[in-house]
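Asks: My questions will all concern the structure given below.
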Amino acid sequence: MTRRFAFKMFLKPGCEEEYERRHAAIWPELVKMIKEQGVQNYSIFWDKDTNILFAYQECTKEGNTQDTTDVDPVTQKWWDMMADIMEVNADNSPVSIPLPELFHLD
C-alpha cells in the first residue's frame, strides 16, 4: 500500500537560489537511500511569498524522509550541509511540520 505524506519546511530568506542549486546536485547515494526506504514521487515546492517549502512524497514502507529515528549517516550529512539555509532542529534535521490530508482524487 502506498501512503501519501505531505509536510512543510522553512527556508531562510535570501537562500532560495542556494537551496535550488544544492538540490540540483543531490548526491546519488542520498537518492538511492531515499528510494530504498520506499519513498517515491517526491516533490518540493516553494511558496516565495512566505519562504515555506511544501513537500509531497509517496511512501511504500512505514517511514518517510522526515523520520528522525535511526538516521543514516548520508541523511545526517545532508542535513548538516543544509542547516545554514533552513530552519533546523538541534540535530540539524529540518523543522518539518506534517500536513494532514483532507482531500484526494485519483
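Residues in the C-alpha cells are named by chain (A, B, ... in the order shown) and by number from 1 within that chain; ligands are numbered from 1 in the order shown.
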DSSP on the backbone, then: every residue of chain A marked strand (DSSP E), written as a PDB file with N, CA and C atoms, in the first residue's frame.
Replies:
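Dumped to out.pdb:
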```pdb
ATOM      1  N   ARG A   3       1.377   5.133   0.816  1.00  0.00           N
ATOM      2  CA  ARG A   3       0.857   6.219   1.658  1.00  0.00           C
ATOM      3  C   ARG A   3       1.350   7.537   1.106  1.00  0.00           C
ATOM      4  N   ARG A   4       0.499   8.538   1.129  1.00  0.00           N
ATOM      5  CA  ARG A   4       0.884   9.890   0.724  1.00  0.00           C
ATOM      6  C   ARG A   4       1.262  10.663   1.983  1.00  0.00           C
ATOM      7  N   PHE A   5       2.322  11.446   1.884  1.00  0.00           N
ATOM      8  CA  PHE A   5       2.814  12.197   3.035  1.00  0.00           C
ATOM      9  C   PHE A   5       3.191  13.596   2.568  1.00  0.00           C
ATOM     10  N   ALA A   6       2.677  14.606   3.242  1.00  0.00           N
ATOM     11  CA  ALA A   6       2.997  15.997   2.907  1.00  0.00           C
ATOM     12  C   ALA A   6       3.474  16.711   4.165  1.00  0.00           C
ATOM     13  N   PHE A   7       4.360  17.671   3.969  1.00  0.00           N
ATOM     14  CA  PHE A   7       4.881  18.422   5.106  1.00  0.00           C
ATOM     15  C   PHE A   7       5.406  19.758   4.619  1.00  0.00           C
ATOM     16  N   LYS A   8       5.609  20.666   5.569  1.00  0.00           N
ATOM     17  CA  LYS A   8       6.206  21.950   5.214  1.00  0.00           C
ATOM     18  C   LYS A   8       7.486  22.148   6.009  1.00  0.00           C
ATOM     19  N   MET A   9       8.402  22.879   5.377  1.00  0.00           N
ATOM     20  CA  MET A   9       9.678  23.242   5.986  1.00  0.00           C
ATOM     21  C   MET A   9       9.878  24.732   5.737  1.00  0.00           C
ATOM     22  N   PHE A  10      10.913  25.303   6.316  1.00  0.00           N
ATOM     23  CA  PHE A  10      11.083  26.744   6.279  1.00  0.00           C
ATOM     24  C   PHE A  10      12.465  27.123   5.756  1.00  0.00           C
ATOM     25  N   VAL A  39      10.494   5.559  -0.514  1.00  0.00           N
ATOM     26  CA  VAL A  39       9.968   6.878  -0.873  1.00  0.00           C
ATOM     27  C   VAL A  39      10.031   7.020  -2.392  1.00  0.00           C
ATOM     28  N   GLN A  40       8.932   7.474  -2.969  1.00  0.00           N
ATOM     29  CA  GLN A  40       8.865   7.697  -4.409  1.00  0.00           C
ATOM     30  C   GLN A  40       7.993   8.916  -4.687  1.00  0.00           C
ATOM     31  N   ASN A  41       8.003   9.365  -5.909  1.00  0.00           N
ATOM     32  CA  ASN A  41       7.181  10.513  -6.307  1.00  0.00           C
ATOM     33  C   ASN A  41       7.332  11.647  -5.292  1.00  0.00           C
ATOM     34  N   TYR A  42       8.554  12.109  -5.125  1.00  0.00           N
ATOM     35  CA  TYR A  42       8.904  13.093  -4.101  1.00  0.00           C
ATOM     36  C   TYR A  42       9.105  14.451  -4.777  1.00  0.00           C
ATOM     37  N   SER A  43       8.343  15.448  -4.339  1.00  0.00           N
ATOM     38  CA  SER A  43       8.450  16.806  -4.875  1.00  0.00           C
ATOM     39  C   SER A  43       8.518  17.804  -3.737  1.00  0.00           C
ATOM     40  N   ILE A  44       9.242  18.896  -3.965  1.00  0.00           N
ATOM     41  CA  ILE A  44       9.285  20.015  -3.021  1.00  0.00           C
ATOM     42  C   ILE A  44       8.941  21.275  -3.798  1.00  0.00           C
ATOM     43  N   PHE A  45       7.995  22.043  -3.266  1.00  0.00           N
ATOM     44  CA  PHE A  45       7.546  23.281  -3.893  1.00  0.00           C
ATOM     45  C   PHE A  45       7.895  24.449  -2.974  1.00  0.00           C
ATOM     46  N   TRP A  46       8.121  25.610  -3.559  1.00  0.00           N
ATOM     47  CA  TRP A  46       8.495  26.801  -2.799  1.00  0.00           C
ATOM     48  C   TRP A  46       7.414  27.864  -2.925  1.00  0.00           C
ATOM     49  N   ASP A  47       6.917  28.332  -1.785  1.00  0.00           N
ATOM     50  CA  ASP A  47       5.995  29.473  -1.745  1.00  0.00           C
ATOM     51  C   ASP A  47       6.856  30.714  -1.518  1.00  0.00           C
ATOM     52  N   ILE A  52       8.047  29.277   2.623  1.00  0.00           N
ATOM     53  CA  ILE A  52       7.699  27.942   3.097  1.00  0.00           C
ATOM     54  C   ILE A  52       7.900  26.960   1.951  1.00  0.00           C
ATOM     55  N   LEU A  53       8.524  25.846   2.282  1.00  0.00           N
ATOM     56  CA  LEU A  53       8.685  24.749   1.338  1.00  0.00           C
ATOM     57  C   LEU A  53       7.594  23.726   1.617  1.00  0.00           C
ATOM     58  N   PHE A  54       6.872  23.341   0.592  1.00  0.00           N
ATOM     59  CA  PHE A  54       5.835  22.319   0.716  1.00  0.00           C
ATOM     60  C   PHE A  54       6.361  21.067   0.028  1.00  0.00           C
ATOM     61  N   ALA A  55       6.376  19.962   0.742  1.00  0.00           N
ATOM     62  CA  ALA A  55       6.902  18.717   0.185  1.00  0.00           C
ATOM     63  C   ALA A  55       5.811  17.659   0.170  1.00  0.00           C
ATOM     64  N   TYR A  56       5.881  16.820  -0.860  1.00  0.00           N
ATOM     65  CA  TYR A  56       4.945  15.722  -1.029  1.00  0.00           C
ATOM     66  C   TYR A  56       5.735  14.492  -1.447  1.00  0.00           C
ATOM     67  N   GLN A  57       5.402  13.368  -0.843  1.00  0.00           N
ATOM     68  CA  GLN A  57       6.040  12.117  -1.238  1.00  0.00           C
ATOM     69  C   GLN A  57       5.077  10.965  -1.019  1.00  0.00           C
ATOM     70  N   GLU A  58       5.292   9.939  -1.804  1.00  0.00           N
ATOM     71  CA  GLU A  58       4.531   8.711  -1.642  1.00  0.00           C
ATOM     72  C   GLU A  58       5.474   7.669  -1.073  1.00  0.00           C
ATOM     73  N   CYS A  59       5.010   6.941  -0.074  1.00  0.00           N
ATOM     74  CA  CYS A  59       5.861   6.006   0.649  1.00  0.00           C
ATOM     75  C   CYS A  59       5.253   4.609   0.583  1.00  0.00           C
ATOM     76  N   ILE A  97       6.843  20.165   9.513  1.00  0.00           N
ATOM     77  CA  ILE A  97       5.505  20.052  10.083  1.00  0.00           C
ATOM     78  C   ILE A  97       4.647  19.210   9.143  1.00  0.00           C
ATOM     79  N   PRO A  98       4.215  18.017   9.600  1.00  0.00           N
ATOM     80  CA  PRO A  98       3.351  17.187   8.768  1.00  0.00           C
ATOM     81  C   PRO A  98       2.020  17.888   8.491  1.00  0.00           C
ATOM     82  N   LEU A  99       1.498  17.675   7.308  1.00  0.00           N
ATOM     83  CA  LEU A  99       0.220  18.255   6.911  1.00  0.00           C
ATOM     84  C   LEU A  99      -0.789  17.136   6.688  1.00  0.00           C
TER      85      LEU A  99
END
```
Asks: Check chain A with DSSP on the backbone and list each residue it calls helix (DSSP H, G or I), as a ChimeraX atom specification.
Replies: /A:16-24,28-36,73-82
Asks: For those residues, write C-alpha atoms to a file as a compact mmCIF listing (two decimals), in the first residue's frame.
Replies:
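What landed in part-v9.txt:
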```txt
# COMPACT_ATOMS: atom_id res chain seq x y z
CA GLU A 16 16.24 30.34 -2.45
CA GLU A 17 18.83 30.05 -5.22
CA GLU A 18 21.26 28.15 -3.00
CA TYR A 19 18.54 25.70 -1.95
CA GLU A 20 17.68 25.06 -5.59
CA ARG A 21 21.37 24.73 -6.54
CA ARG A 22 22.04 22.16 -3.83
CA HIS A 23 19.03 20.07 -4.80
CA ALA A 24 20.00 20.19 -8.47
CA PRO A 28 23.36 9.87 -5.87
CA GLU A 29 23.85 7.99 -2.59
CA LEU A 30 21.11 10.09 -0.97
CA VAL A 31 18.71 9.41 -3.85
CA LYS A 32 19.50 5.68 -3.62
CA MET A 33 18.91 5.64 0.15
CA ILE A 34 15.60 7.55 -0.17
CA LYS A 35 14.36 5.08 -2.79
CA GLU A 36 15.50 2.10 -0.71
CA PRO A 73 24.98 8.89 8.00
CA VAL A 74 24.15 10.07 4.46
CA THR A 75 20.96 11.80 5.60
CA GLN A 76 22.73 13.34 8.60
CA LYS A 77 25.46 14.68 6.32
CA TRP A 78 22.80 16.20 4.00
CA TRP A 79 21.02 17.78 6.97
CA ASP A 80 24.32 19.24 8.22
CA MET A 81 25.02 20.71 4.78
CA MET A 82 21.52 22.25 4.51
```
Asks: Could you state the separation of CA of Lys61 in chain A and CA of Gly38 in chain A in Å, given to one decimal place?
Replies: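 Computing the Euclidean distance for CA of Lys61 in chain A and CA of Gly38 in chain A yields 5.1 Å.
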Asks: Any idea what the distance is between CA of Asp70 in chain A and CA of Glu101 in chain A?
Replies: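 Computing the Euclidean distance for CA of Asp70 in chain A and CA of Glu101 in chain A yields 25.8 Å.
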Asks: CA of Lys12 in chain A and CA of Asp49 in chain A are how many Å apart?
Replies: 12.3 Å
Asks: Go through A:Val88, A:Cys15, A:Gln37, A:Thr2 and flag the residue nearest Asp72 in chain A, using only C-alpha atoms for the distances.
Replies: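 Closest residue, counting only C-alpha atoms: A:Gln37.
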